[in-house]
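**Student:** Structure incoming, see below.
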Amino acid sequence: MALADERVADAHQNIKPVHPAQTGAVCSTCHAADNVEFLALKSGDRVTLDHAYRLCAQCHFSQAEAWAGGAHGKRLDGWQGRRVVMGCADCHDPHKPALEPRIPFRAPQIERIRGHDQ
Amino acid sequence: MNPDRTLEPRGDADERTMLQKRVDRRRALSILIGGMAVGMQAVTACSPLSPVSDEERETRLLAWREYIKGNYRFMSEEERAETIARLERLAKLKRGVDVTIQSTGAQPGVMFGYAFNISKCQGFRNCVQACINENNLDRRAGTQYIRIFEMEDGVVDLDEADATFQHEVPAEGHFYMGTQCFQCADPPCVKVCPVGATWQEPDGITVIDYDWCIGCRYCMAACPYWARRFNWSAPEVPAEELNPNQHYLGNRARKVGVVEKCTFCIHRTRQGRLPACAEACPTGARVFGNLLDPNSEIRWVLANKRVFRLKEELKTEPRFWYFTD
Amino acid sequence: MHLKPFAVSALRSATSGGRRYHLWMGSLTLIMLVGAYAYSRQLRYGLGVTGMSDHVSWGLYISNFTFLVGMAAAAMMLVLPAYILHDVDFSRAVLMAEAVAVAALVMALAFVVVDIGNPLGGWHLIPGIGYLNWPRSLLAWDVLVLNGYLALNLAIPFYILYGRFRGRPPEKRKYLVWMYLAVMWAVSIHLVTAFLLAGLPARPFWNTALLGPRFLASAFTAGPAFVILLLALIKRETKYEIADGAFSKLALITTVAAQINLVMLGSELFYKFYSPTHHGINARYLFVGLGEHHALVPWIWTAIGLNVLATITLMIHPLRENPRWLMAACAVLFVGIWIEKGLGLVIPGFIPSPLGEIVEYAPSAVELGVTAGVWALGMFVLTILVRVALPIELGEVRSPYLDEERVTPIVRPRSRRPAPRPVRPVRTR
């Protein structure tokens, strides 16, 4: 309903609400209505954008569990020492989370894998 | 008998050739010296005594010392330091590049493990590209340690898989699975090497001493996962793409006629960094860590996800698992 | 004392002959030079000049190696009856068979040398200064047993020939135990070569218990067949007597071995084709092809056809007794076994790869050149060995010190000592 408002639609024209459309969510489902810096949890809590994982985990609890354990997501530093990982929104655009298909790096040359001849 | 007379062949004087004529001592000496002079000139054109540059002489000496050295596995710390110094110097002399070759040993209490999420892999091959750059792989032959297979949903059969896909990925109805050296716990390649040029380090990485390998390729026949590559020609890496951060047992310059393979980026992982493939993957399909650390990501995957390994029945115990979301 | 004249007379035997002999040796030398040139290209550019790849990492060289180790082993088939069972028929043919064993071994070792990527690093194999991964690596075993077998097959005939040369007949008690050893060693060299392939679970085409027995069967088919052809040539061209009994016994050995070889082939075919598992995929590539990849299919069926044809011919008694039919069958069998064991065994083990990728193989010009050169080397060595051995065996060549030795066996004959110089009287004041 908010997006039907012309002024709101103009300001957010680059956001394609794919995920909200899939889930039947509206803007206020995730965003705090009064402050753009915060996200609203179902429990009534508010979190900053850095802690978006708490929001995503509400529905995507299995992915969140895997992310916490290490089977989901991307580790940024080395395997040793303090663990630094990407947050949910660092990989997934929250409004259009699926990764885009792309053309892969070149395929291997199977037939002529040996070196040059003469 | 006149003691000064030399032996003379029988026959007429006219039939004697130059060599058979009487040769007195003075002439003999001059012939000898002249012959020696000619011989020396011929020989010194390609001998260490000829006027070559200092660099050329140093290169030859270093190459000779490298040729006669033993198996890295049995070298003392001092010998290892010496060979590394020679190799770094040779890289500078031959290509003008400054490289750092580590000899970092395995960290205690570390055993590397790798997990690959076949739900997440989309076949982008970012890992392949990163591996080529990180490990100084031969650009001319197009060597790739990593293979990404496109498989049909419901069929985990490598005979039906295709690694040569070159279309937009992910393709509908397919999933993607990558292979590389699995650093098996009971490696068949190590068993068969006749000179012991390949062995497994305490942290689980199966390594090769490229200077000890004789290139018989028995290890390539023995590997069930087609993980090893051979240098059929001299490998070429453009100087501007060369990764100077190297390890003796890993991505240093290899030569023609020896075997090489993925070493889990030994020059990175022994410093606590992720291998290049794990770091490059945009989907987070690759998980790497220390199997002996109960809090590691790899341990969490093994404990909480349904994992499987390739060709489990061969009992090679690969340290590379596949799992799904 | 007799060593130098032995060497000199051997050199003379090897380098003297009629026009056909010189033409033969000259052609072999030419082929060896071609092979040497081809090998030089390989040394310069690397093994990429061959048809091998990361997928098919062993090709024509190792195929030939496998075949030739079998030939070397089979030559000992004659030794067992001759020396140990005192079979008179074989005793004259045995040294020729040993020559075949030596030549085959030289070729086999040469094929290994040309196949490895870093031949200058060959010293890494020498225990003591290098590191030989024995007993875990079957290749390490192979290095030891092949060189040991070569040493045995050089030492025993040398002892016998040298003994005859110097007029002192070889004493059986001195070499019999080495003979026993050599016969057992012959079986082991080919089993070790079979095990180095059969012990690889990565290669289901080879990973079968039948590979070792199959190797022995095909070796004892091709080896004696070649020896028959050689003995026929010697009988025709020289005065050397070879009993008909030797031929018929050898022919029988060849026939029985050929039959066993076919039975084993049938067994493998059943096992690989009855249920289409992953284990049979390499066999499917070889015998029927996989999709558009079928380069080896005509070769293997030709080989099987030749083998069956030759085996049936040999099984017919009157044909086996007929020299012309026997020679033809032996030649056909030799070629058939070479194709089956060479192309039809090593190469298909790699196609498809363990990850299911199919890359076919065809030898390059360099590979063919080097292969021809090594075969020429083997034939060269064989010719020289036969050429040296025959005159000694025929009694035509003996040491010049023969009679003198009989007179004074320990002390040097006085005639050889230089005449003592007359002492000049010293003038004193």
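By order in the structure tokens, chains are A, B, ...; within a chain, residues start at 1; ligands start at 1, following the order shown.
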I need the chain C residues near chain A as a PyMOL selection string; criterion: at most 7 Å, counting only C-alpha atoms.
**Tutor:** chain C and resi 45+48-49+53-54+359
**Student:** With a distance cut-off of 7 Å and only C-alpha atoms, select the neighbouring residues of range 41-49 of chain A, excluding the residue or stretch itself and same-chain residues fewer than 4 positions from it, and output the selection as a PyMOL selection string.
**Tutor:** chain A and resi 30+37+55
**Student:** With C-alpha atoms retained, export the selected residues as a short mmCIF file (atom, residue, chain, number, x, y, z; two decimals), in the first residue's frame.
**Tutor:**
data_model
loop_
_atom_site.label_atom_id
_atom_site.label_comp_id
_atom_site.auth_asym_id
_atom_site.auth_seq_id
_atom_site.Cartn_x
_atom_site.Cartn_y
_atom_site.Cartn_z
CA CYS A 30 10.93 -5.77 8.00
CA GLU A 37 18.28 2.82 10.22
CA LEU A 55 15.65 -10.53 10.99
#
**Student:** If the cut-off is 7 Å, can you tell me the residues of chain B near chain A, counting only C-alpha atoms? I'd like them as a list in words.
**Tutor:** Gly123, Phe124, Arg125, Asn126, Gln129, Ala141, Gly142, Thr164, Phe165, Gln166, His167, Glu168, Val169, Pro170, Trp232, Ser233, Gly272, Arg273, Leu274, Gly284, Val287, Phe288, Gly289, Glu297, Trp300 and Val301 of chain B
**Student:** For a quick test of understanding: name the residues of chain C lying within 8 Å of chain B when counting only C-alpha atoms, and present them as a JSON list (two decimals) with N, CA and C atoms, in the first residue's frame.
**Tutor:**
[["chain", "number", "residue", "atom", "x", "y", "z"],
["C", 45, "TYR", "N", 61.67, -30.58, -26.24],
["C", 45, "TYR", "CA", 60.37, -29.94, -26.07],
["C", 45, "TYR", "C", 59.52, -30.57, -24.96],
["C", 46, "GLY", "N", 59.94, -31.68, -24.45],
["C", 46, "GLY", "CA", 59.13, -32.36, -23.43],
["C", 46, "GLY", "C", 58.25, -33.43, -24.06],
["C", 47, "LEU", "N", 57.60, -34.20, -23.21],
["C", 47, "LEU", "CA", 56.79, -35.31, -23.69],
["C", 47, "LEU", "C", 55.53, -34.87, -24.40],
["C", 48, "GLY", "N", 55.31, -33.55, -24.47],
["C", 48, "GLY", "CA", 54.15, -33.07, -25.19],
["C", 48, "GLY", "C", 54.21, -33.36, -26.67],
["C", 49, "VAL", "N", 55.40, -33.71, -27.17],
["C", 49, "VAL", "CA", 55.50, -34.04, -28.59],
["C", 49, "VAL", "C", 54.93, -35.43, -28.88],
["C", 53, "SER", "N", 48.54, -37.53, -22.90],
["C", 53, "SER", "CA", 47.89, -36.37, -22.30],
["C", 53, "SER", "C", 47.70, -36.64, -20.83],
["C", 54, "ASP", "N", 47.16, -35.67, -20.10],
["C", 54, "ASP", "CA", 46.88, -35.90, -18.68],
["C", 54, "ASP", "C", 45.88, -37.05, -18.51],
["C", 55, "HIS", "N", 45.05, -37.27, -19.50],
["C", 55, "HIS", "CA", 44.08, -38.35, -19.41],
["C", 55, "HIS", "C", 44.72, -39.69, -19.74],
["C", 57, "SER", "N", 47.94, -40.98, -19.79],
["C", 57, "SER", "CA", 49.29, -40.57, -19.42],
["C", 57, "SER", "C", 50.35, -41.61, -19.72],
["C", 58, "TRP", "N", 49.94, -42.81, -20.11],
["C", 58, "TRP", "CA", 50.90, -43.81, -20.60],
["C", 58, "TRP", "C", 50.43, -44.25, -21.97],
["C", 115, "ASP", "N", 60.33, -43.02, -21.67],
["C", 115, "ASP", "CA", 59.00, -42.61, -21.22],
["C", 115, "ASP", "C", 59.04, -41.63, -20.08],
["C", 116, "ILE", "N", 60.09, -41.66, -19.25],
["C", 116, "ILE", "CA", 60.05, -40.80, -18.07],
["C", 116, "ILE", "C", 60.36, -39.36, -18.44],
["C", 117, "GLY", "N", 59.74, -38.46, -17.70],
["C", 117, "GLY", "CA", 59.81, -37.04, -18.04],
["C", 117, "GLY", "C", 61.09, -36.37, -17.65],
["C", 118, "ASN", "N", 61.80, -36.95, -16.70],
["C", 118, "ASN", "CA", 63.01, -36.32, -16.20],
["C", 118, "ASN", "C", 64.12, -37.36, -16.16],
["C", 119, "PRO", "N", 64.60, -37.79, -17.34],
["C", 119, "PRO", "CA", 65.56, -38.91, -17.37],
["C", 119, "PRO", "C", 66.86, -38.61, -16.65],
["C", 121, "GLY", "N", 67.14, -37.35, -13.95],
["C", 121, "GLY", "CA", 66.93, -37.64, -12.53],
["C", 121, "GLY", "C", 66.88, -39.13, -12.26],
["C", 122, "GLY", "N", 67.24, -39.94, -13.24],
["C", 122, "GLY", "CA", 67.20, -41.39, -13.07],
["C", 122, "GLY", "C", 68.01, -41.89, -11.89],
["C", 124, "HIS", "N", 67.93, -40.86, -9.08],
["C", 124, "HIS", "CA", 67.11, -40.83, -7.86],
["C", 124, "HIS", "C", 66.61, -42.22, -7.49],
["C", 125, "LEU", "N", 66.64, -43.15, -8.49],
["C", 125, "LEU", "CA", 66.14, -44.50, -8.24],
["C", 125, "LEU", "C", 67.16, -45.37, -7.52],
["C", 130, "GLY", "N", 70.15, -42.32, -4.07],
["C", 130, "GLY", "CA", 68.81, -41.77, -4.26],
["C", 130, "GLY", "C", 67.91, -42.34, -3.18],
["C", 131, "TYR", "N", 66.66, -42.57, -3.55],
["C", 131, "TYR", "CA", 65.74, -43.17, -2.60],
["C", 131, "TYR", "C", 64.80, -44.07, -3.37],
["C", 132, "LEU", "N", 64.87, -45.37, -3.14],
["C", 132, "LEU", "CA", 64.00, -46.30, -3.84],
["C", 132, "LEU", "C", 62.87, -46.70, -2.90],
["C", 133, "ASN", "N", 61.64, -46.37, -3.29],
["C", 133, "ASN", "CA", 60.49, -46.61, -2.42],
["C", 133, "ASN", "C", 60.10, -48.08, -2.46],
["C", 134, "TRP", "N", 60.97, -48.91, -1.96],
["C", 134, "TRP", "CA", 60.73, -50.34, -1.89],
["C", 134, "TRP", "C", 60.45, -50.67, -0.45],
["C", 136, "ARG", "N", 57.02, -50.58, -1.02],
["C", 136, "ARG", "CA", 55.64, -50.16, -1.26],
["C", 136, "ARG", "C", 55.34, -49.97, -2.73],
["C", 137, "SER", "N", 56.31, -49.45, -3.48],
["C", 137, "SER", "CA", 56.03, -49.15, -4.87],
["C", 137, "SER", "C", 56.36, -50.33, -5.76],
["C", 138, "LEU", "N", 55.39, -50.74, -6.56],
["C", 138, "LEU", "CA", 55.62, -51.86, -7.47],
["C", 138, "LEU", "C", 56.63, -51.50, -8.56],
["C", 139, "LEU", "N", 56.72, -50.23, -8.87],
["C", 139, "LEU", "CA", 57.71, -49.80, -9.85],
["C", 139, "LEU", "C", 59.12, -49.98, -9.29],
["C", 140, "ALA", "N", 59.27, -49.78, -7.99],
["C", 140, "ALA", "CA", 60.57, -50.00, -7.37],
["C", 140, "ALA", "C", 60.93, -51.49, -7.47],
["C", 200, "LEU", "N", 46.06, -51.15, -8.88],
["C", 200, "LEU", "CA", 45.52, -49.79, -8.87],
["C", 200, "LEU", "C", 44.00, -49.82, -8.87],
["C", 201, "PRO", "N", 43.36, -49.61, -7.73],
["C", 201, "PRO", "CA", 41.89, -49.61, -7.73],
["C", 201, "PRO", "C", 41.31, -48.45, -8.53],
["C", 202, "ALA", "N", 42.15, -47.48, -8.87],
["C", 202, "ALA", "CA", 41.67, -46.35, -9.67],
["C", 202, "ALA", "C", 41.35, -46.77, -11.09],
["C", 203, "ARG", "N", 41.90, -47.91, -11.52],
["C", 203, "ARG", "CA", 41.77, -48.32, -12.92],
["C", 203, "ARG", "C", 41.05, -49.67, -12.97],
["C", 350, "PHE", "N", 42.97, -46.14, -19.54],
["C", 350, "PHE", "CA", 42.86, -44.71, -19.29],
["C", 350, "PHE", "C", 41.61, -44.08, -19.90],
["C", 353, "SER", "N", 38.59, -41.60, -18.26],
["C", 353, "SER", "CA", 39.40, -41.27, -17.10],
["C", 353, "SER", "C", 38.62, -41.62, -15.83],
["C", 354, "PRO", "N", 39.27, -41.60, -14.68],
["C", 354, "PRO", "CA", 38.55, -41.92, -13.44],
["C", 354, "PRO", "C", 37.38, -40.97, -13.18],
["C", 355, "LEU", "N", 37.38, -39.78, -13.80],
["C", 355, "LEU", "CA", 36.26, -38.87, -13.63],
["C", 355, "LEU", "C", 35.32, -38.93, -14.83],
["C", 356, "GLY", "N", 35.45, -39.96, -15.63],
["C", 356, "GLY", "CA", 34.49, -40.17, -16.70],
["C", 356, "GLY", "C", 34.75, -39.39, -17.96],
["C", 357, "GLU", "N", 35.88, -38.68, -18.05],
["C", 357, "GLU", "CA", 36.14, -37.92, -19.27],
["C", 357, "GLU", "C", 36.82, -38.81, -20.30]]
**Student:** Once DSSP has gone over the backbone, tell me which residues of range 166-261 of chain B are in strand (DSSP E or B), as a PDB file with C-alpha atoms, in the first residue's frame.
**Tutor:**
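Just written: part35.pdb:
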ATOM      1  CA  VAL B 169      24.758 -21.216 -15.172  1.00  0.00           C
ATOM      2  CA  HIS B 174      21.302 -29.625 -13.097  1.00  0.00           C
ATOM      3  CA  PHE B 175      23.626 -29.309 -10.154  1.00  0.00           C
ATOM      4  CA  TYR B 176      27.360 -28.688  -9.951  1.00  0.00           C
ATOM      5  CA  MET B 177      30.130 -30.621  -8.285  1.00  0.00           C
ATOM      6  CA  GLY B 178      33.802 -29.768  -8.141  1.00  0.00           C
ATOM      7  CA  THR B 179      36.833 -32.049  -7.851  1.00  0.00           C
ATOM      8  CA  THR B 198      55.468 -37.461  -3.189  1.00  0.00           C
ATOM      9  CA  TRP B 199      54.460 -37.891   0.443  1.00  0.00           C
ATOM     10  CA  GLN B 200      51.899 -36.651   2.896  1.00  0.00           C
ATOM     11  CA  THR B 206      50.039 -34.575  -0.055  1.00  0.00           C
ATOM     12  CA  VAL B 207      53.014 -32.771  -1.535  1.00  0.00           C
ATOM     13  CA  ILE B 208      55.495 -33.293  -4.358  1.00  0.00           C
ATOM     14  CA  ARG B 228      47.421 -34.906 -10.867  1.00  0.00           C
ATOM     15  CA  ARG B 229      48.753 -33.010 -13.846  1.00  0.00           C
ATOM     16  CA  PHE B 230      51.934 -33.513 -15.824  1.00  0.00           C
ATOM     17  CA  ASN B 245      54.334 -15.642  -2.772  1.00  0.00           C
ATOM     18  CA  GLN B 246      55.375 -19.269  -3.119  1.00  0.00           C
ATOM     19  CA  HIS B 247      56.095 -22.431  -1.194  1.00  0.00           C
ATOM     20  CA  VAL B 259      53.971 -33.964 -11.954  1.00  0.00           C
ATOM     21  CA  GLU B 260      52.034 -31.326 -10.001  1.00  0.00           C
ATOM     22  CA  LYS B 261      48.676 -30.995  -8.277  1.00  0.00           C
TER      23      LYS B 261
END
**Student:** Got a sec: who's within 12 Å of Glu240 in chain B, counting only C-alpha atoms, leaving out chain neighbours fewer than 4 positions off, as a PyMOL selection string?
**Tutor:** chain B and resi 95-98+133+136+236+244
**Student:** With N, CA and C atoms retained, write the just-selected residues as a PDB file, in the first residue's frame.
**Tutor:**
ATOM      1  N   ARG B  95      64.496 -14.914 -14.679  1.00  0.00           N
ATOM      2  CA  ARG B  95      63.326 -14.152 -15.110  1.00  0.00           C
ATOM      3  C   ARG B  95      63.310 -12.725 -14.587  1.00  0.00           C
ATOM      4  N   GLY B  96      64.251 -12.406 -13.723  1.00  0.00           N
ATOM      5  CA  GLY B  96      64.279 -11.062 -13.171  1.00  0.00           C
ATOM      6  C   GLY B  96      63.156 -10.795 -12.186  1.00  0.00           C
ATOM      7  N   VAL B  97      62.553 -11.848 -11.617  1.00  0.00           N
ATOM      8  CA  VAL B  97      61.466 -11.635 -10.655  1.00  0.00           C
ATOM      9  C   VAL B  97      61.958 -11.953  -9.251  1.00  0.00           C
ATOM     10  N   ASP B  98      61.416 -11.186  -8.286  1.00  0.00           N
ATOM     11  CA  ASP B  98      61.720 -11.450  -6.878  1.00  0.00           C
ATOM     12  C   ASP B  98      60.616 -12.331  -6.317  1.00  0.00           C
ATOM     13  N   ASN B 133      45.528 -18.408 -11.120  1.00  0.00           N
ATOM     14  CA  ASN B 133      46.353 -17.246 -10.814  1.00  0.00           C
ATOM     15  C   ASN B 133      47.202 -17.454  -9.579  1.00  0.00           C
ATOM     16  N   ASN B 136      50.211 -20.235 -10.158  1.00  0.00           N
ATOM     17  CA  ASN B 136      51.122 -20.107 -11.296  1.00  0.00           C
ATOM     18  C   ASN B 136      50.997 -21.287 -12.245  1.00  0.00           C
ATOM     19  N   GLU B 236      54.521 -22.104 -18.819  1.00  0.00           N
ATOM     20  CA  GLU B 236      54.735 -20.675 -19.071  1.00  0.00           C
ATOM     21  C   GLU B 236      53.748 -19.850 -18.269  1.00  0.00           C
ATOM     22  N   PRO B 244      54.304 -14.142  -6.654  1.00  0.00           N
ATOM     23  CA  PRO B 244      55.635 -14.302  -6.066  1.00  0.00           C
ATOM     24  C   PRO B 244      55.623 -14.903  -4.669  1.00  0.00           C
TER      25      PRO B 244
END
**Student:** When DSSP works through the backbone of this structure, what residues of range 188-276 of chain B end up as alpha helix (DSSP H), shown as a list in words?
**Tutor:**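 Answer for range 188-276 of chain B, restricted to alpha helix (DSSP H): Pro188, Cys189, Val190, Lys191, Val192, Tyr218, Cys219, Met220, Ala221, Ala222, Ile266, His267, Arg268, Thr269 and Ala276 of chain B.
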**Student:** Residues of the last selection are to be written out with C-alpha atoms, as a PDB file, in the first residue's frame.
**Tutor:**
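Output saved as selection.pdb:
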ATOM      1  CA  PRO B 188      47.387 -44.383  -3.486  1.00  0.00           C
ATOM      2  CA  CYS B 189      49.686 -41.920  -5.257  1.00  0.00           C
ATOM      3  CA  VAL B 190      52.150 -41.840  -2.363  1.00  0.00           C
ATOM      4  CA  LYS B 191      52.280 -45.620  -2.254  1.00  0.00           C
ATOM      5  CA  VAL B 192      53.283 -46.042  -5.884  1.00  0.00           C
ATOM      6  CA  TYR B 218      52.744 -43.872 -12.059  1.00  0.00           C
ATOM      7  CA  CYS B 219      51.027 -41.611  -9.509  1.00  0.00           C
ATOM      8  CA  MET B 220      48.786 -40.275 -12.263  1.00  0.00           C
ATOM      9  CA  ALA B 221      47.694 -43.797 -13.107  1.00  0.00           C
ATOM     10  CA  ALA B 222      47.090 -44.527  -9.429  1.00  0.00           C
ATOM     11  CA  ILE B 266      49.987 -24.698   1.035  1.00  0.00           C
ATOM     12  CA  HIS B 267      51.644 -21.263   0.861  1.00  0.00           C
ATOM     13  CA  ARG B 268      48.416 -19.688   2.166  1.00  0.00           C
ATOM     14  CA  THR B 269      46.905 -22.311   4.420  1.00  0.00           C
ATOM     15  CA  ALA B 276      42.318 -19.374  -3.194  1.00  0.00           C
TER      16      ALA B 276
END
**Student:** Quick one, how far is CA of Gln102 in chain B from CA of Trp123 in chain C?
**Tutor:**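 Distance between the two atoms: 26.9 Å.
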**Student:** Extract, using only C-alpha atoms, all DNA, RNA and protein residues at most 8 Å from range 9-24 of chain C, discarding same-chain residues fewer than 3 positions from it, and format them as a PDB file with N, CA and C atoms, in the first residue's frame.
**Tutor:**
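File result.pdb, as written:
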ATOM      1  N   PRO C   5      91.179 -61.673 -25.721  1.00  0.00           N
ATOM      2  CA  PRO C   5      90.879 -62.345 -26.985  1.00  0.00           C
ATOM      3  C   PRO C   5      89.394 -62.631 -27.163  1.00  0.00           C
ATOM      4  N   PHE C   6      88.691 -62.882 -26.056  1.00  0.00           N
ATOM      5  CA  PHE C   6      87.256 -63.107 -26.143  1.00  0.00           C
ATOM      6  C   PHE C   6      86.573 -61.876 -26.690  1.00  0.00           C
ATOM      7  N   SER C  27      70.665 -51.031 -41.888  1.00  0.00           N
ATOM      8  CA  SER C  27      69.286 -50.529 -41.783  1.00  0.00           C
ATOM      9  C   SER C  27      68.904 -50.305 -40.334  1.00  0.00           C
ATOM     10  N   LEU C  28      69.298 -51.244 -39.477  1.00  0.00           N
ATOM     11  CA  LEU C  28      68.979 -51.082 -38.054  1.00  0.00           C
ATOM     12  C   LEU C  28      69.627 -49.821 -37.501  1.00  0.00           C
ATOM     13  N   ILE C 384      73.795 -59.120 -32.583  1.00  0.00           N
ATOM     14  CA  ILE C 384      75.175 -59.188 -32.105  1.00  0.00           C
ATOM     15  C   ILE C 384      75.360 -60.374 -31.169  1.00  0.00           C
ATOM     16  N   LEU C 385      74.406 -60.552 -30.238  1.00  0.00           N
ATOM     17  CA  LEU C 385      74.543 -61.648 -29.275  1.00  0.00           C
ATOM     18  C   LEU C 385      74.554 -62.997 -29.993  1.00  0.00           C
ATOM     19  N   ARG C 387      75.283 -63.524 -33.088  1.00  0.00           N
ATOM     20  CA  ARG C 387      76.467 -63.551 -33.946  1.00  0.00           C
ATOM     21  C   ARG C 387      77.731 -63.903 -33.170  1.00  0.00           C
ATOM     22  N   VAL C 388      77.750 -63.491 -31.919  1.00  0.00           N
ATOM     23  CA  VAL C 388      78.914 -63.796 -31.073  1.00  0.00           C
ATOM     24  C   VAL C 388      78.818 -65.216 -30.550  1.00  0.00           C
ATOM     25  N   PRO C 391      79.429 -68.818 -33.329  1.00  0.00           N
ATOM     26  CA  PRO C 391      80.726 -69.406 -33.638  1.00  0.00           C
ATOM     27  C   PRO C 391      81.351 -70.132 -32.453  1.00  0.00           C
ATOM     28  N   VAL C 397      85.352 -70.866 -32.960  1.00  0.00           N
ATOM     29  CA  VAL C 397      86.183 -69.820 -32.351  1.00  0.00           C
ATOM     30  C   VAL C 397      86.643 -70.294 -30.986  1.00  0.00           C
TER      31      VAL C 397
END
**Student:** Do you know which residues are at most 8 Å from Tyr361 in chain C counting only C-alpha atoms, after dropping those on the same chain fewer than 4 positions away, and could you put them as a PyMOL selection string?
**Tutor:** chain C and resi 51-52+56+59+347
**Student:** Please produce an output containing N, CA and C atoms for each residue in the selection, written as an mmCIF file, in the first residue's frame.
**Tutor:**
data_model
loop_
_atom_site.group_PDB
_atom_site.id
_atom_site.type_symbol
_atom_site.label_atom_id
_atom_site.label_comp_id
_atom_site.auth_asym_id
_atom_site.auth_seq_id
_atom_site.Cartn_x
_atom_site.Cartn_y
_atom_site.Cartn_z
ATOM 1 N N GLY C 51 51.739 -38.367 -28.212
ATOM 2 C CA GLY C 51 50.282 -38.276 -28.225
ATOM 3 C C GLY C 51 49.666 -38.407 -26.855
ATOM 4 N N MET C 52 50.504 -38.471 -25.809
ATOM 5 C CA MET C 52 49.979 -38.679 -24.467
ATOM 6 C C MET C 52 49.403 -37.381 -23.914
ATOM 7 N N VAL C 56 45.362 -39.786 -20.902
ATOM 8 C CA VAL C 56 46.040 -41.022 -21.290
ATOM 9 C C VAL C 56 47.525 -40.779 -21.049
ATOM 10 N N GLY C 59 51.355 -44.374 -22.916
ATOM 11 C CA GLY C 59 50.946 -44.696 -24.276
ATOM 12 C C GLY C 59 51.760 -45.821 -24.870
ATOM 13 N N ILE C 347 46.406 -48.792 -23.023
ATOM 14 C CA ILE C 347 45.669 -47.594 -23.429
ATOM 15 C C ILE C 347 44.228 -47.588 -22.914
#
**Student:** At what distance in Å, to one decimal, does CA of Gly212 in chain C lie from CA of Ala194 in chain C?
**Tutor:** 4.9 Å
**Student:** Do a neighbour search on Phe380 in chain C at 8 Å with only C-alpha atoms, toss out local chain neighbours closer than 3 positions, and write the hits as a list in words.
**Tutor:**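 The neighbour list is Met25, Leu28, Thr29, Ala376, Leu377, Thr383 and Ile384 of chain C.
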**Student:** Pick out the closest residue to Val308 in chain C from this set: C:Val79, C:Ala186, C:Val263, C:Leu345. Count only C-alpha atoms.
**Tutor:** C:Val263
**Student:** Write out as an MDAnalysis selection string which residues come within 12 Å of Arg299 in chain B when counting only C-alpha atoms, dropping same-chain ones fewer than 2 positions away.
**Tutor:** (chainID A and resid 69:71) or (chainID B and resid 111:115 287:297 301:305 307 319 321)
**Student:** May I ask for the distance between CA of Ala130 in chain B and CA of Gln144 in chain B, given in Å to one decimal place?
**Tutor:**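 We find that CA of Ala130 in chain B and CA of Gln144 in chain B lie 10.3 Å from each other.
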**Student:** Point out the residue among B:Cys131, B:Met75, B:Leu87, B:Ala185 with the least atom-to-atom distance to Arg254 in chain B, counting only C-alpha atoms.
**Tutor:**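 Of all the options, B:Leu87 lies closest to Arg254 in chain B.
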